[in-house]
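Chemist: You'll find input.csv just under this line, and it carries CSV, C-alpha atoms (C1' of nucleotides).
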```csv
chain,number,residue,atom,x,y,z
O,1,MET,CA,25.5,12.8,9.0
O,2,ASN,CA,27.7,10.0,7.9
O,3,THR,CA,27.2,6.4,8.8
O,4,GLU,CA,29.2,6.6,12.0
O,5,GLU,CA,27.3,9.7,13.2
O,6,ARG,CA,24.0,8.0,12.3
O,7,LEU,CA,25.0,5.0,14.5
O,8,ARG,CA,25.9,7.2,17.4
O,9,ASN,CA,22.6,9.1,17.0
O,10,PHE,CA,20.8,5.7,16.8
O,11,LYS,CA,22.2,4.6,20.1
O,12,GLU,CA,21.6,7.9,21.7
O,13,ILE,CA,17.9,7.9,20.7
O,14,CYS,CA,17.5,4.4,21.8
O,15,ARG,CA,18.9,5.2,25.2
O,16,LYS,CA,16.8,8.3,25.5
O,17,VAL,CA,13.5,6.5,24.7
O,18,GLY,CA,14.3,3.3,26.5
O,19,LEU,CA,14.9,1.0,23.6
O,20,LYS,CA,17.4,-1.8,24.1
O,21,ILE,CA,20.2,-1.8,21.7
O,22,THR,CA,20.0,-5.4,20.5
O,23,HIS,CA,22.1,-7.0,17.9
O,24,GLN,CA,19.1,-7.3,15.6
O,25,ARG,CA,18.1,-3.7,15.8
O,26,LEU,CA,21.7,-2.6,15.1
O,27,GLU,CA,22.1,-4.9,12.1
O,28,ILE,CA,18.7,-4.0,10.6
O,29,PHE,CA,19.5,-0.3,11.0
O,30,LYS,CA,23.0,-0.7,9.5
O,31,GLU,CA,21.7,-2.7,6.6
O,32,LEU,CA,19.1,-0.1,5.7
O,33,LEU,CA,21.8,2.6,5.9
O,34,ASN,CA,23.7,0.7,3.3
O,35,SER,CA,20.7,0.1,1.1
O,36,HIS,CA,19.9,2.8,-1.4
O,37,ASP,CA,17.2,1.0,-3.3
O,38,HIS,CA,14.3,1.5,-0.8
O,39,PRO,CA,14.0,-2.2,-0.1
O,40,THR,CA,10.9,-4.1,1.0
O,41,VAL,CA,10.9,-6.0,4.2
O,42,GLU,CA,11.4,-9.2,2.4
O,43,LYS,CA,14.5,-7.9,0.7
O,44,LEU,CA,16.1,-6.6,3.9
O,45,TYR,CA,15.3,-10.0,5.5
O,46,HIS,CA,17.3,-11.8,2.9
O,47,ARG,CA,20.1,-9.4,3.0
O,48,LEU,CA,20.4,-9.9,6.8
O,49,GLN,CA,20.5,-13.7,6.5
O,50,PRO,CA,24.3,-13.9,6.3
O,51,LYS,CA,24.8,-11.8,9.5
O,52,LEU,CA,21.7,-13.0,11.3
O,53,PRO,CA,20.8,-16.5,10.0
O,54,THR,CA,18.1,-17.1,12.6
O,55,ILE,CA,16.3,-13.8,12.5
O,56,SER,CA,12.6,-13.9,12.0
O,57,ILE,CA,10.8,-11.7,9.5
O,58,ASP,CA,8.5,-10.5,12.2
O,59,THR,CA,11.6,-9.0,13.9
O,60,VAL,CA,12.4,-7.1,10.7
O,61,TYR,CA,8.8,-5.8,10.5
O,62,ARG,CA,8.7,-4.9,14.2
O,63,THR,CA,12.0,-3.2,14.2
O,64,LEU,CA,11.4,-1.1,11.1
O,65,THR,CA,8.1,0.0,12.6
O,66,THR,CA,9.9,0.9,15.9
O,67,LEU,CA,12.7,2.8,14.1
O,68,GLU,CA,10.1,4.6,12.0
O,69,LYS,CA,8.2,5.7,15.1
O,70,HIS,CA,11.3,7.4,16.5
O,71,ASP,CA,12.2,9.0,13.2
O,72,LEU,CA,15.3,7.0,12.6
O,73,ILE,CA,14.1,5.7,9.2
O,74,VAL,CA,11.3,6.5,6.8
O,75,ARG,CA,8.5,4.5,5.3
O,76,VAL,CA,8.3,5.3,1.6
O,77,GLU,CA,4.9,6.2,0.2
O,78,THR,CA,4.1,4.2,-2.9
O,79,GLU,CA,1.1,2.7,-4.7
O,80,GLU,CA,2.4,-0.8,-4.1
O,81,SER,CA,1.0,-3.1,-1.4
O,82,GLN,CA,4.4,-4.0,0.0
O,83,ALA,CA,6.0,-1.5,2.4
O,84,ARG,CA,9.3,0.0,1.5
O,85,PHE,CA,11.8,1.8,3.7
O,86,GLU,CA,14.8,4.0,3.5
O,87,GLY,CA,17.5,5.2,5.8
O,88,ARG,CA,18.2,8.6,4.2
O,89,MET,CA,16.8,11.2,6.5
O,90,GLU,CA,17.6,14.5,4.8
O,91,GLU,CA,14.4,15.8,3.1
O,92,HIS,CA,14.5,14.6,-0.5
O,93,HIS,CA,12.1,13.5,-3.2
O,94,HIS,CA,11.4,10.4,-5.3
O,95,ALA,CA,11.0,9.6,-9.0
O,96,ILE,CA,9.2,6.3,-9.4
O,97,CYS,CA,9.3,4.2,-12.6
O,98,LYS,CA,5.9,2.8,-13.6
O,99,LYS,CA,7.5,0.0,-15.4
O,100,CYS,CA,10.2,-1.5,-13.1
O,101,GLY,CA,9.0,0.1,-9.9
O,102,GLY,CA,12.5,1.5,-9.2
O,103,ILE,CA,12.7,4.6,-7.0
O,104,THR,CA,15.4,7.2,-7.5
O,105,ASP,CA,16.1,9.9,-4.9
O,106,PHE,CA,16.8,13.5,-5.7
O,107,TYR,CA,17.2,16.7,-3.9
O,108,TRP,CA,15.1,19.7,-4.8
O,109,GLU,CA,14.6,22.9,-2.9
O,110,PHE,CA,10.9,23.6,-2.4
O,111,PRO,CA,10.2,27.0,-4.0
O,112,ASP,CA,8.4,28.9,-1.3
O,113,GLU,CA,5.7,27.9,1.0
O,114,ALA,CA,3.8,31.0,0.1
O,115,SER,CA,3.3,29.7,-3.4
O,116,LEU,CA,0.9,27.1,-2.0
O,117,PRO,CA,-2.8,27.9,-2.0
O,118,ALA,CA,-4.1,29.7,1.0
O,119,GLU,CA,-6.5,26.8,1.8
O,120,ILE,CA,-3.6,24.6,2.4
O,121,LEU,CA,-1.6,27.0,4.5
O,122,ASN,CA,-4.6,27.0,6.8
O,123,TRP,CA,-5.0,23.2,6.6
O,124,GLY,CA,-3.0,22.5,9.7
O,125,GLN,CA,0.6,22.0,10.7
O,126,LEU,CA,2.8,21.0,7.9
O,127,VAL,CA,5.7,18.6,8.7
O,128,LYS,CA,7.0,17.4,5.3
O,129,LYS,CA,6.6,18.3,1.7
O,130,SER,CA,7.4,15.5,-0.7
O,131,LEU,CA,7.4,15.7,-4.5
O,132,THR,CA,6.9,12.4,-6.3
O,133,LEU,CA,7.6,12.1,-10.0
O,134,HIS,CA,6.0,9.3,-11.9
O,135,GLY,CA,7.1,8.1,-15.3
O,136,ILE,CA,9.3,5.6,-17.1
O,137,CYS,CA,13.0,5.6,-16.4
O,138,GLU,CA,15.5,5.7,-19.2
O,139,GLN,CA,16.5,2.1,-18.9
O,140,CYS,CA,12.9,0.9,-19.2
O,141,ILE,CA,12.5,3.1,-22.3
O,142,GLN,CA,15.5,1.5,-23.9
O,143,GLU,CA,14.2,-2.0,-23.2
O,144,GLU,CA,10.9,-1.4,-24.9
P,1,MET,CA,-15.6,17.7,-17.0
P,2,ASN,CA,-18.8,17.4,-15.0
P,3,THR,CA,-20.4,14.2,-13.9
P,4,GLU,CA,-22.4,13.8,-17.1
P,5,GLU,CA,-19.4,14.3,-19.3
P,6,ARG,CA,-17.4,11.9,-17.2
P,7,LEU,CA,-20.0,9.2,-17.7
P,8,ARG,CA,-20.2,9.8,-21.4
P,9,ASN,CA,-16.4,9.6,-21.5
P,10,PHE,CA,-16.5,6.4,-19.4
P,11,LYS,CA,-18.8,4.8,-21.9
P,12,GLU,CA,-16.8,5.9,-24.9
P,13,ILE,CA,-13.6,4.6,-23.5
P,14,CYS,CA,-15.2,1.3,-22.6
P,15,ARG,CA,-16.5,0.9,-26.1
P,16,LYS,CA,-13.1,1.9,-27.6
P,17,VAL,CA,-11.1,-0.6,-25.6
P,18,GLY,CA,-13.8,-3.4,-25.7
P,19,LEU,CA,-15.0,-3.3,-22.0
P,20,LYS,CA,-18.6,-4.2,-21.5
P,21,ILE,CA,-20.6,-1.6,-19.8
P,22,THR,CA,-22.0,-3.5,-16.9
P,23,HIS,CA,-24.3,-2.3,-14.2
P,24,GLN,CA,-21.6,-3.0,-11.7
P,25,ARG,CA,-18.9,-1.0,-13.5
P,26,LEU,CA,-21.2,1.9,-14.0
P,27,GLU,CA,-22.3,2.0,-10.4
P,28,ILE,CA,-18.8,1.7,-9.0
P,29,PHE,CA,-17.6,4.5,-11.3
P,30,LYS,CA,-20.5,6.7,-10.3
P,31,GLU,CA,-20.0,6.0,-6.6
P,32,LEU,CA,-16.3,7.0,-6.8
P,33,LEU,CA,-17.2,10.2,-8.7
P,34,ASN,CA,-19.5,11.1,-5.9
P,35,SER,CA,-16.9,10.3,-3.2
P,36,HIS,CA,-14.5,13.0,-2.3
P,37,ASP,CA,-12.8,11.2,0.6
P,38,HIS,CA,-10.5,8.9,-1.4
P,39,PRO,CA,-12.3,5.8,-0.1
P,40,THR,CA,-10.8,2.3,0.4
P,41,VAL,CA,-12.3,-0.6,-1.5
P,42,GLU,CA,-14.1,-1.7,1.7
P,43,LYS,CA,-15.7,1.7,2.0
P,44,LEU,CA,-16.9,1.8,-1.6
P,45,TYR,CA,-18.2,-1.8,-1.2
P,46,HIS,CA,-20.4,-0.7,1.7
P,47,ARG,CA,-21.6,2.4,-0.1
P,48,LEU,CA,-22.6,0.2,-3.0
P,49,GLN,CA,-24.6,-2.2,-1.0
P,50,PRO,CA,-27.9,-0.3,-1.3
P,51,LYS,CA,-27.8,-0.2,-5.1
P,52,LEU,CA,-26.0,-3.5,-5.6
P,53,PRO,CA,-26.8,-5.8,-2.7
P,54,THR,CA,-25.3,-8.9,-4.1
P,55,ILE,CA,-22.0,-7.4,-5.5
P,56,SER,CA,-18.9,-9.2,-4.4
P,57,ILE,CA,-15.9,-7.3,-3.1
P,58,ASP,CA,-13.8,-9.0,-5.7
P,59,THR,CA,-15.8,-7.2,-8.4
P,60,VAL,CA,-15.0,-3.9,-6.7
P,61,TYR,CA,-11.3,-4.7,-6.6
P,62,ARG,CA,-11.3,-6.0,-10.2
P,63,THR,CA,-13.3,-3.0,-11.5
P,64,LEU,CA,-11.2,-0.4,-9.8
P,65,THR,CA,-8.1,-2.0,-11.2
P,66,THR,CA,-9.6,-2.1,-14.7
P,67,LEU,CA,-10.7,1.5,-14.5
P,68,GLU,CA,-7.3,2.6,-13.3
P,69,LYS,CA,-5.6,0.8,-16.2
P,70,HIS,CA,-7.6,2.9,-18.6
P,71,ASP,CA,-7.0,6.2,-16.7
P,72,LEU,CA,-10.6,6.6,-15.7
P,73,ILE,CA,-9.7,6.8,-12.0
P,74,VAL,CA,-6.6,7.1,-9.9
P,75,ARG,CA,-5.0,5.0,-7.2
P,76,VAL,CA,-3.8,7.2,-4.4
P,77,GLU,CA,-0.3,6.9,-3.1
P,78,THR,CA,-0.2,6.5,0.6
P,79,GLU,CA,1.8,4.8,3.3
P,80,GLU,CA,-1.2,2.7,4.4
P,81,SER,CA,-1.7,-0.9,3.5
P,82,GLN,CA,-5.2,-0.5,2.2
P,83,ALA,CA,-5.5,0.9,-1.4
P,84,ARG,CA,-7.5,4.1,-1.8
P,85,PHE,CA,-9.0,5.5,-5.0
P,86,GLU,CA,-10.3,8.8,-6.3
P,87,GLY,CA,-12.3,9.9,-9.3
P,88,ARG,CA,-10.9,13.3,-9.8
P,89,MET,CA,-8.7,13.3,-12.8
P,90,GLU,CA,-7.4,16.9,-13.1
P,91,GLU,CA,-3.8,17.0,-11.9
P,92,HIS,CA,-3.9,18.0,-8.2
P,93,HIS,CA,-2.1,17.3,-5.0
P,94,HIS,CA,-2.7,15.9,-1.5
P,95,ALA,CA,-2.3,16.9,2.1
P,96,ILE,CA,-2.4,13.8,4.4
P,97,CYS,CA,-3.0,14.0,8.1
P,98,LYS,CA,-0.7,11.8,10.1
P,99,LYS,CA,-3.3,11.6,12.9
P,100,CYS,CA,-6.7,10.8,11.2
P,101,GLY,CA,-5.4,9.7,7.8
P,102,GLY,CA,-7.6,12.1,6.1
P,103,ILE,CA,-6.6,13.3,2.6
P,104,THR,CA,-7.4,16.8,1.3
P,105,ASP,CA,-7.1,17.7,-2.3
P,106,PHE,CA,-5.6,21.0,-3.5
P,107,TYR,CA,-4.6,22.6,-6.7
P,108,TRP,CA,-1.1,24.0,-7.2
P,109,GLU,CA,0.7,24.9,-10.3
P,110,PHE,CA,4.1,23.3,-10.5
P,111,PRO,CA,6.7,26.2,-10.7
P,112,ASP,CA,8.8,25.2,-13.7
P,113,GLU,CA,10.2,21.9,-14.8
P,114,ALA,CA,13.6,23.6,-15.3
P,115,SER,CA,13.8,24.1,-11.5
P,116,LEU,CA,14.2,20.3,-11.1
P,117,PRO,CA,17.8,19.0,-10.9
P,118,ALA,CA,19.4,18.0,-14.2
P,119,GLU,CA,19.8,14.4,-13.1
P,120,ILE,CA,16.0,14.1,-12.9
P,121,LEU,CA,15.3,15.8,-16.2
P,122,ASN,CA,17.5,13.1,-17.7
P,123,TRP,CA,16.0,10.3,-15.6
P,124,GLY,CA,13.4,9.3,-18.2
P,125,GLN,CA,10.0,10.3,-19.4
P,126,LEU,CA,8.0,12.2,-16.7
P,127,VAL,CA,4.2,11.6,-16.7
P,128,LYS,CA,3.0,13.1,-13.5
P,129,LYS,CA,4.4,15.4,-10.7
P,130,SER,CA,2.6,15.0,-7.4
P,131,LEU,CA,3.3,17.0,-4.3
P,132,THR,CA,2.2,15.4,-1.0
P,133,LEU,CA,2.1,17.4,2.2
P,134,HIS,CA,2.3,15.6,5.5
P,135,GLY,CA,1.2,17.0,8.8
P,136,ILE,CA,-1.6,17.3,11.2
P,137,CYS,CA,-4.9,18.8,10.1
P,138,GLU,CA,-6.5,21.6,12.1
P,139,GLN,CA,-9.3,19.4,13.4
P,140,CYS,CA,-6.8,16.9,14.9
P,141,ILE,CA,-4.8,19.7,16.4
P,142,GLN,CA,-7.9,21.0,18.1
P,143,GLU,CA,-8.8,17.6,19.5
P,144,GLU,CA,-5.4,17.1,21.2
A,1,DT,C1',-36.3,-9.6,-31.3
A,2,DT,C1',-33.8,-13.7,-30.4
A,3,DC,C1',-29.5,-16.2,-30.2
A,4,DT,C1',-24.8,-16.8,-29.3
A,5,DA,C1',-20.1,-16.2,-28.0
A,6,DA,C1',-17.1,-13.9,-25.2
A,7,DG,C1',-16.6,-11.4,-21.3
A,8,DA,C1',-18.0,-10.3,-16.5
A,9,DT,C1',-19.7,-11.5,-11.9
A,10,DA,C1',-20.6,-13.9,-7.2
A,11,DG,C1',-19.0,-16.6,-3.8
A,12,DG,C1',-15.9,-19.1,-1.8
A,13,DA,C1',-11.2,-20.7,-1.6
A,14,DA,C1',-6.4,-19.4,-1.8
A,15,DT,C1',-2.6,-16.3,-1.4
A,16,DG,C1',0.7,-13.1,0.4
A,17,DG,C1',2.1,-9.5,3.3
A,18,DT,C1',1.8,-8.3,8.0
A,19,DT,C1',0.8,-8.8,12.9
A,20,DC,C1',-0.1,-11.5,17.1
A,21,DT,C1',0.8,-15.2,20.7
A,22,DT,C1',3.8,-17.5,23.6
A,23,DA,C1',7.8,-19.5,25.3
A,24,DT,C1',12.5,-18.3,25.5
A,25,DT,C1',16.5,-15.3,25.3
A,26,DG,C1',19.3,-11.5,26.3
A,27,DG,C1',20.3,-6.3,27.5
A,28,DC,C1',21.4,-3.7,31.2
A,29,DA,C1',20.5,-1.5,35.8
A,30,DG,C1',21.5,-2.4,40.3
K,1,DC,C1',26.8,-11.3,38.9
K,2,DT,C1',21.9,-11.4,39.2
K,3,DG,C1',17.2,-10.5,38.1
K,4,DC,C1',13.8,-8.1,35.7
K,5,DC,C1',11.6,-6.9,31.8
K,6,DA,C1',11.9,-5.9,27.0
K,7,DA,C1',12.9,-8.2,22.8
K,8,DT,C1',13.1,-12.2,19.9
K,9,DA,C1',11.9,-16.7,17.1
K,10,DA,C1',8.6,-19.6,15.4
K,11,DG,C1',4.5,-20.5,14.0
K,12,DA,C1',-0.4,-19.4,14.1
K,13,DA,C1',-3.6,-15.9,12.9
K,14,DC,C1',-5.2,-12.1,10.5
K,15,DC,C1',-6.6,-9.2,6.8
K,16,DA,C1',-6.4,-7.2,2.2
K,17,DT,C1',-6.3,-8.8,-2.2
K,18,DT,C1',-6.6,-12.2,-5.9
K,19,DC,C1',-7.8,-16.6,-8.0
K,20,DC,C1',-11.1,-20.3,-9.4
K,21,DT,C1',-15.1,-21.7,-11.6
K,22,DA,C1',-19.9,-22.1,-12.4
K,23,DT,C1',-23.3,-19.0,-13.8
K,24,DC,C1',-25.0,-14.8,-15.8
K,25,DT,C1',-24.9,-10.6,-18.9
K,26,DT,C1',-23.6,-7.8,-22.6
K,27,DA,C1',-23.2,-6.7,-27.3
K,28,DG,C1',-23.3,-8.0,-31.8
K,29,DA,C1',-25.1,-11.1,-35.4
K,30,DA,C1',-28.9,-13.4,-37.4
```
Could you render the structure from this file as structure tokens?
Modeler:
Amino acid sequence: MNTEERLRNFKEICRKVGLKITHQRLEIFKELLNSHDHPTVEKLYHRLQPKLPTISIDTVYRTLTTLEKHDLIVRVETEESQARFEGRMEEHHHAICKKCGGITDFYWEFPDEASLPAEILNWGQLVKKSLTLHGICEQCIQEE
Amino acid sequence: MNTEERLRNFKEICRKVGLKITHQRLEIFKELLNSHDHPTVEKLYHRLQPKLPTISIDTVYRTLTTLEKHDLIVRVETEESQARFEGRMEEHHHAICKKCGGITDFYWEFPDEASLPAEILNWGQLVKKSLTLHGICEQCIQEE
DNA sequence: TTCTAAGATAGGAATGGTTCTTATTGGCAG
DNA sequence: CTGCCAATAAGAACCATTCCTATCTTAGAA
């Protein structure tokens, strides 16, 4: 799905579940679609200032939580205390740099569910499999 | 490594890096070794009350951060705001239940590093590969 | 063993990220 | 166009985590 399709989908989902399509929701969603660095709420808030100078940070929090609930965006799993979000919805994976905290996306096809241990296949209902690589990115290695 | 070996290793590492072996550090480490539910700081704090009735929660935070820095324990990556820790050090993976938040450990041999996309193999220096499964555990399915 | 210096802790205050409260605004169905 | 109800802004409140500092403990020296 490209940006336009994502926006159409966004509006459709909102209509379907009874969410009003407000200026703020639309701008927050669009801003996240254009952000490929898995921004924190604070970062998004600042990026939105030019378009929405009076928006409150609470609205950003509330909206992201709402969008997440309806599977329009994803909350990224990290060890940090600050929440980070992304707009990319295709199943993909992350490489996280221990040094700078940067997150890089990558695609990788999961080998075969049967390669998982039996105990986990019986664990429950699997929804998502995400591989996270930890290490130090090339740029941080150079800077050492 | 069994518990006894882990404790010996703990003391050795402390000596090596100049950390004093305090009663609190030892008890916090032992408590985490005995906990298999990836407890939050708050939970550990309460479990330690019987043995260390006057311990402050700051000490638990500080100690866990210190132990993590020296690779004696691991901070678990979740979407939650509260930090969770574990004492298991063998490389393993997690299945997280969306409903109850429970985390189940499992072992799984990573197929082959060459199966990762080239872009990631050149990303930097990889330290750890962790697979996280998301879904709903059997118990929560039953309860629905 | 005793002494001492440096490091560690307890307790409370402070901080920072996130959520709640409330008055006001604005989307949208009729 | 109008009214209802959801959504927002602003600031207060909340909660997890960290800081401050006086006191205590550990580990090494005497």
Chemist: Which residues of chain O come within 8 Å of chain P, and for each one, what is the closest pair of atoms and their distance in Å to one decimal, counting only C-alpha atoms, sorted by chain and residue number, as JSON lines?
Modeler:
```
{"residue": "O:Arg75", "atom": "CA", "partner": "P:Glu79", "partner_atom": "CA", "distance": 7.0}
{"residue": "O:Val76", "atom": "CA", "partner": "P:Glu79", "partner_atom": "CA", "distance": 6.7}
{"residue": "O:Glu77", "atom": "CA", "partner": "P:Glu79", "partner_atom": "CA", "distance": 4.6}
{"residue": "O:Thr78", "atom": "CA", "partner": "P:Glu77", "partner_atom": "CA", "distance": 5.2}
{"residue": "O:Glu79", "atom": "CA", "partner": "P:Glu77", "partner_atom": "CA", "distance": 4.7}
{"residue": "O:Ser81", "atom": "CA", "partner": "P:Ser81", "partner_atom": "CA", "distance": 6.0}
{"residue": "O:Gln82", "atom": "CA", "partner": "P:Ser81", "partner_atom": "CA", "distance": 7.7}
{"residue": "O:Ala83", "atom": "CA", "partner": "P:Glu79", "partner_atom": "CA", "distance": 7.6}
{"residue": "O:Ala95", "atom": "CA", "partner": "P:Ile120", "partner_atom": "CA", "distance": 7.8}
{"residue": "O:Phe106", "atom": "CA", "partner": "P:Ile120", "partner_atom": "CA", "distance": 7.3}
{"residue": "O:Tyr107", "atom": "CA", "partner": "P:Pro117", "partner_atom": "CA", "distance": 7.4}
{"residue": "O:Trp108", "atom": "CA", "partner": "P:Leu116", "partner_atom": "CA", "distance": 6.4}
{"residue": "O:Pro111", "atom": "CA", "partner": "P:Pro111", "partner_atom": "CA", "distance": 7.6}
{"residue": "O:Leu116", "atom": "CA", "partner": "P:Trp108", "partner_atom": "CA", "distance": 6.4}
{"residue": "O:Pro117", "atom": "CA", "partner": "P:Trp108", "partner_atom": "CA", "distance": 6.7}
{"residue": "O:Glu119", "atom": "CA", "partner": "P:Phe106", "partner_atom": "CA", "distance": 7.9}
{"residue": "O:Ile120", "atom": "CA", "partner": "P:Phe106", "partner_atom": "CA", "distance": 7.2}
{"residue": "O:Asn122", "atom": "CA", "partner": "P:Glu138", "partner_atom": "CA", "distance": 7.8}
{"residue": "O:Trp123", "atom": "CA", "partner": "P:Cys137", "partner_atom": "CA", "distance": 5.6}
{"residue": "O:Gly124", "atom": "CA", "partner": "P:Cys137", "partner_atom": "CA", "distance": 4.2}
{"residue": "O:Gln125", "atom": "CA", "partner": "P:Ile136", "partner_atom": "CA", "distance": 5.2}
{"residue": "O:Leu126", "atom": "CA", "partner": "P:Gly135", "partner_atom": "CA", "distance": 4.4}
{"residue": "O:Val127", "atom": "CA", "partner": "P:Gly135", "partner_atom": "CA", "distance": 4.8}
{"residue": "O:Lys128", "atom": "CA", "partner": "P:His134", "partner_atom": "CA", "distance": 5.0}
{"residue": "O:Lys129", "atom": "CA", "partner": "P:Leu133", "partner_atom": "CA", "distance": 4.6}
{"residue": "O:Ser130", "atom": "CA", "partner": "P:Thr132", "partner_atom": "CA", "distance": 5.2}
{"residue": "O:Leu131", "atom": "CA", "partner": "P:Leu131", "partner_atom": "CA", "distance": 4.3}
{"residue": "O:Thr132", "atom": "CA", "partner": "P:Ser130", "partner_atom": "CA", "distance": 5.1}
{"residue": "O:Leu133", "atom": "CA", "partner": "P:Lys129", "partner_atom": "CA", "distance": 4.6}
{"residue": "O:His134", "atom": "CA", "partner": "P:Lys128", "partner_atom": "CA", "distance": 5.1}
{"residue": "O:Gly135", "atom": "CA", "partner": "P:Leu126", "partner_atom": "CA", "distance": 4.4}
{"residue": "O:Ile136", "atom": "CA", "partner": "P:Gln125", "partner_atom": "CA", "distance": 5.3}
{"residue": "O:Cys137", "atom": "CA", "partner": "P:Gly124", "partner_atom": "CA", "distance": 4.1}
{"residue": "O:Glu138", "atom": "CA", "partner": "P:Gly124", "partner_atom": "CA", "distance": 4.3}
{"residue": "O:Gln139", "atom": "CA", "partner": "P:Gly124", "partner_atom": "CA", "distance": 7.9}
{"residue": "O:Ile141", "atom": "CA", "partner": "P:Gly124", "partner_atom": "CA", "distance": 7.5}
```
Chemist: Which residue out of O:Val60, O:Leu52, O:Val17, O:Ile28 has the minimum interatomic distance to chain A when only C-alpha atoms (C1' of nucleotides) are used?
Modeler: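 Among O:Val60, O:Leu52, O:Val17, O:Ile28, it is O:Val60 that comes nearest to chain A.
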Chemist: Skipping near chain neighbours, those fewer than 2 positions away, what residues fall within 9 Å of A:DT18 using only C-alpha atoms (C1' of nucleotides), listed as a list in words?
Modeler: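 Counting only the stated atoms, we get Asp58 and Tyr61 of chain O; DC14 and DC15 of chain K.
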Chemist: Emit the selected residues as a PDB file, keeping the file's coordinate frame, including C-alpha atoms (C1' of nucleotides).
Modeler:
```
ATOM      1  CA  ASP O  58       8.500 -10.500  12.200  1.00  0.00           C
ATOM      2  CA  TYR O  61       8.800  -5.800  10.500  1.00  0.00           C
TER       3      TYR O  61
ATOM      4  C1'  DC K  14      -5.200 -12.100  10.500  1.00  0.00           C
ATOM      5  C1'  DC K  15      -6.600  -9.200   6.800  1.00  0.00           C
TER       6       DC K  15
END
```
Chemist: Find the residues of chain K that sit at most 9 Å from chain O; for each, write down the nearest two atoms and how far apart they are in Å, to one decimal. Count only C-alpha atoms (C1' of nucleotides). Sort by chain, then by number going up, and give it as JSON lines.
Modeler:
```
{"residue": "K:DA6", "atom": "C1'", "partner": "O:Lys20", "partner_atom": "CA", "distance": 7.4}
{"residue": "K:DA7", "atom": "C1'", "partner": "O:Lys20", "partner_atom": "CA", "distance": 7.9}
{"residue": "K:DT8", "atom": "C1'", "partner": "O:Thr59", "partner_atom": "CA", "distance": 7.0}
{"residue": "K:DA9", "atom": "C1'", "partner": "O:Ser56", "partner_atom": "CA", "distance": 5.9}
{"residue": "K:DA10", "atom": "C1'", "partner": "O:Ser56", "partner_atom": "CA", "distance": 7.7}
```
Chemist: Could you please select, counting all atoms listed in the file, the residues of chain A within 8 Å of chain O and state them as number ranges by chain?
Modeler: A: 17-19, 27
Chemist: Which residues, written as a ChimeraX atom specification, have at least one atom at most 12 Å from O:Asp71, with only C-alpha atoms (C1' of nucleotides) counted and residues fewer than 5 positions away on the same chain left out?
Modeler: /O:6,9-10,13-14,17,64-66,85-90
Chemist: Could you work out how far atom CA of P:Leu67 lies from atom CA of O:His38, giving the answer in Å with one decimal?
Modeler: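 Atom-to-atom, atom CA of O:His38 and atom CA of P:Leu67 are spaced 28.5 Å apart.
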Chemist: Give me, please, the distance in Å between atom C1' of K:DG11 and atom CA of O:Glu27, quoted to one decimal.
Modeler: 23.6 Å
Chemist: For atom CA of O:His36 and atom CA of O:Ile103, quote the distance in Å rounded to one decimal.
Modeler: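 Between atom CA of O:His36 and atom CA of O:Ile103 the gap is 9.3 Å.
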